[in-house]
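This report concerns only the one structure given below.
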Amino acid sequence: MNDVFLADCRARLAFDLMANTWNPVVLWALREGPLRPAELRRRLGGISTKVLTETVRRLESNGLVHRRDCGRTAKVEYSLTELGTTLLAPIEAFGEWAFRYGDEVMAAQDEALGLVSGKGG
């Protein structure tokens with residue numbers, strides 16, 4: 001029996017990394033090269049400075065993002081590590097799945113809430 005999804009397994013570690021809403025989004029935004037925090041925030045849209053800082057620190061502590069100090073100024077930039085780059089293909093595949101099947105999932109959610117059949121209310 002294959003127990004790859006049991007506690008303390010590597011598969012769960014990977015799913016935990018992707019479970020945070022912003023982790024895969026930040027990784028995807030960094031795919032084209034290093035960005036400073038303000039540039040990254042603009043590219044992402046809808047993320048607060050606090051949440052962005054927490055996210056890049058979490059990604060850095062997991063070896064997925066590199067933080068580089070830019071000289072004597074307080075400026076920094078973030079880039080993907082080699083390990084972080086390895087997650088781009090799975091993130092892209094998941095995005096393609098969402099594009100292909102997202103309408104079906106949303107329809108099922110609506111049906112479960114009774115919105116399609118008129119049972120809600």
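In the structure tokens, the first chain shown is A, the next is B, and so on; residue numbers restart at 1 for each chain, and ligands run from 1 in the order shown.
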Would you kindly return, as a PDB file with C-alpha atoms, in the first residue's frame, each protein, DNA or RNA residue with an atom no farther than 6 Å from any atom of stretch 71-80 of chain A, considering only C-alpha atoms and excluding same-chain residues fewer than 4 positions away?
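Listing of out-v5.pdb after writing:
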ATOM      1  CA  LEU A  30       8.371  35.704 -10.411  1.00  0.00           C
ATOM      2  CA  PRO A  34      13.487  39.193 -10.189  1.00  0.00           C
ATOM      3  CA  LEU A  35      11.065  41.819  -8.924  1.00  0.00           C
ATOM      4  CA  ARG A  36      11.182  44.414  -6.201  1.00  0.00           C
ATOM      5  CA  VAL A  65      12.393  32.293  -3.335  1.00  0.00           C
ATOM      6  CA  HIS A  66      15.661  34.175  -2.965  1.00  0.00           C
ATOM      7  CA  ARG A  67      15.784  37.633  -1.351  1.00  0.00           C
ATOM      8  CA  GLY A  84      11.156  27.364  -6.919  1.00  0.00           C
ATOM      9  CA  THR A  85      11.437  27.128 -10.690  1.00  0.00           C
TER      10      THR A  85
END
Handout entry: Atom pair atom CA of A:Phe99 / atom CA of A:Asn23: separation (Å)
Key =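 That distance, rounded to one decimal, is 18.9 Å.
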Exercise for the section: Please provide as a list of chain:residue names all residues within 12 Å of A:Asn62, with the sequence filter that same-chain residues fewer than 2 positions apart are discarded (counting only C-alpha atoms). Expected result: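 Returned residues: A:Leu13, A:Ala14, A:Asp16, A:Leu17, A:Met18, A:Asn23, A:Thr55, A:Val56, A:Arg57, A:Arg58, A:Leu59, A:Glu60, A:Leu64, A:Val65, A:His66, A:Leu80, A:Thr81, A:Leu83, A:Gly84.
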Could you take the residues named above and write them with N, CA and C atoms, as a PDB file, in the first residue's frame?
ATOM      1  N   LEU A  13       3.501  17.744   2.190  1.00  0.00           N
ATOM      2  CA  LEU A  13       4.346  18.939   2.254  1.00  0.00           C
ATOM      3  C   LEU A  13       4.135  19.793   1.005  1.00  0.00           C
ATOM      4  N   ALA A  14       4.148  19.153  -0.150  1.00  0.00           N
ATOM      5  CA  ALA A  14       3.956  19.876  -1.406  1.00  0.00           C
ATOM      6  C   ALA A  14       2.570  20.501  -1.478  1.00  0.00           C
ATOM      7  N   ASP A  16       0.692  21.372   1.029  1.00  0.00           N
ATOM      8  CA  ASP A  16       0.661  22.470   1.995  1.00  0.00           C
ATOM      9  C   ASP A  16       1.284  23.731   1.408  1.00  0.00           C
ATOM     10  N   LEU A  17       2.376  23.578   0.656  1.00  0.00           N
ATOM     11  CA  LEU A  17       3.005  24.737   0.025  1.00  0.00           C
ATOM     12  C   LEU A  17       2.053  25.421  -0.949  1.00  0.00           C
ATOM     13  N   MET A  18       1.278  24.641  -1.667  1.00  0.00           N
ATOM     14  CA  MET A  18       0.385  25.202  -2.665  1.00  0.00           C
ATOM     15  C   MET A  18      -0.984  25.588  -2.104  1.00  0.00           C
ATOM     16  N   ASN A  23       0.942  31.695  -2.293  1.00  0.00           N
ATOM     17  CA  ASN A  23       2.206  31.040  -2.634  1.00  0.00           C
ATOM     18  C   ASN A  23       2.347  30.785  -4.131  1.00  0.00           C
ATOM     19  N   THR A  55       4.255  36.181   2.744  1.00  0.00           N
ATOM     20  CA  THR A  55       4.314  35.155   1.699  1.00  0.00           C
ATOM     21  C   THR A  55       5.736  34.951   1.200  1.00  0.00           C
ATOM     22  N   VAL A  56       6.435  36.036   0.873  1.00  0.00           N
ATOM     23  CA  VAL A  56       7.794  35.853   0.351  1.00  0.00           C
ATOM     24  C   VAL A  56       8.728  35.316   1.437  1.00  0.00           C
ATOM     25  N   ARG A  57       8.499  35.681   2.685  1.00  0.00           N
ATOM     26  CA  ARG A  57       9.311  35.110   3.771  1.00  0.00           C
ATOM     27  C   ARG A  57       9.067  33.613   3.903  1.00  0.00           C
ATOM     28  N   ARG A  58       7.802  33.207   3.785  1.00  0.00           N
ATOM     29  CA  ARG A  58       7.466  31.781   3.861  1.00  0.00           C
ATOM     30  C   ARG A  58       8.096  31.027   2.691  1.00  0.00           C
ATOM     31  N   LEU A  59       7.997  31.594   1.510  1.00  0.00           N
ATOM     32  CA  LEU A  59       8.586  30.956   0.332  1.00  0.00           C
ATOM     33  C   LEU A  59      10.108  30.907   0.430  1.00  0.00           C
ATOM     34  N   GLU A  60      10.693  31.955   0.994  1.00  0.00           N
ATOM     35  CA  GLU A  60      12.139  31.976   1.203  1.00  0.00           C
ATOM     36  C   GLU A  60      12.558  30.904   2.205  1.00  0.00           C
ATOM     37  N   LEU A  64      12.234  28.366  -1.886  1.00  0.00           N
ATOM     38  CA  LEU A  64      11.625  28.561  -3.194  1.00  0.00           C
ATOM     39  C   LEU A  64      11.893  29.942  -3.782  1.00  0.00           C
ATOM     40  N   VAL A  65      12.156  30.914  -2.911  1.00  0.00           N
ATOM     41  CA  VAL A  65      12.393  32.293  -3.335  1.00  0.00           C
ATOM     42  C   VAL A  65      13.685  32.777  -2.690  1.00  0.00           C
ATOM     43  N   HIS A  66      14.426  33.575  -3.467  1.00  0.00           N
ATOM     44  CA  HIS A  66      15.661  34.175  -2.965  1.00  0.00           C
ATOM     45  C   HIS A  66      15.429  35.672  -2.781  1.00  0.00           C
ATOM     46  N   LEU A  80      13.040  33.606  -8.088  1.00  0.00           N
ATOM     47  CA  LEU A  80      12.865  32.185  -7.843  1.00  0.00           C
ATOM     48  C   LEU A  80      14.228  31.522  -7.676  1.00  0.00           C
ATOM     49  N   THR A  81      14.284  30.569  -6.789  1.00  0.00           N
ATOM     50  CA  THR A  81      15.462  29.712  -6.699  1.00  0.00           C
ATOM     51  C   THR A  81      15.302  28.613  -7.753  1.00  0.00           C
ATOM     52  N   LEU A  83      14.960  25.554  -7.069  1.00  0.00           N
ATOM     53  CA  LEU A  83      13.878  24.727  -6.531  1.00  0.00           C
ATOM     54  C   LEU A  83      12.519  25.363  -6.811  1.00  0.00           C
ATOM     55  N   GLY A  84      12.407  26.670  -6.636  1.00  0.00           N
ATOM     56  CA  GLY A  84      11.156  27.364  -6.919  1.00  0.00           C
ATOM     57  C   GLY A  84      10.738  27.229  -8.369  1.00  0.00           C
TER      58      GLY A  84
END
Practice task
Please provide as a PyMOL selection string all residues within 12 Å of A:Gly95, with the sequence filter that same-chain residues fewer than 6 positions apart are discarded (counting only C-alpha atoms).
Solution key: chain A and resi 24-25+28+88-89+101-102
Output of the above residues as a compact mmCIF listing (two decimals), in the first residue's frame, restricted to N, CA, C and O atoms:
# COMPACT_ATOMS: atom_id res chain seq x y z
N PRO A 24 1.43 30.05 -4.77
CA PRO A 24 1.62 29.78 -6.19
C PRO A 24 1.51 31.04 -7.05
O PRO A 24 2.17 31.15 -8.08
N VAL A 25 0.72 32.00 -6.60
CA VAL A 25 0.56 33.24 -7.36
C VAL A 25 1.87 34.03 -7.38
O VAL A 25 2.29 34.54 -8.42
N TRP A 28 4.42 32.22 -9.56
CA TRP A 28 4.11 32.41 -10.97
C TRP A 28 4.51 33.83 -11.41
O TRP A 28 5.05 34.02 -12.51
N LEU A 88 6.94 25.65 -11.31
CA LEU A 88 6.20 26.37 -12.35
C LEU A 88 5.37 25.44 -13.22
O LEU A 88 4.22 25.76 -13.55
N ALA A 89 5.91 24.30 -13.60
CA ALA A 89 5.14 23.36 -14.44
C ALA A 89 3.90 22.84 -13.72
O ALA A 89 2.81 22.84 -14.31
N TYR A 101 -11.87 23.17 -16.44
CA TYR A 101 -12.96 22.59 -15.66
C TYR A 101 -13.59 23.54 -14.64
O TYR A 101 -14.51 23.15 -13.92
N GLY A 102 -13.12 24.77 -14.59
CA GLY A 102 -13.62 25.72 -13.60
C GLY A 102 -15.12 25.95 -13.68
O GLY A 102 -15.80 26.04 -12.65
Exercise for the section: Calculate how many Å separate atom CA of A:Glu32 from atom CA of A:Leu44, rounding to one decimal. Expected result: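 Those two atoms sit 13.5 Å apart.
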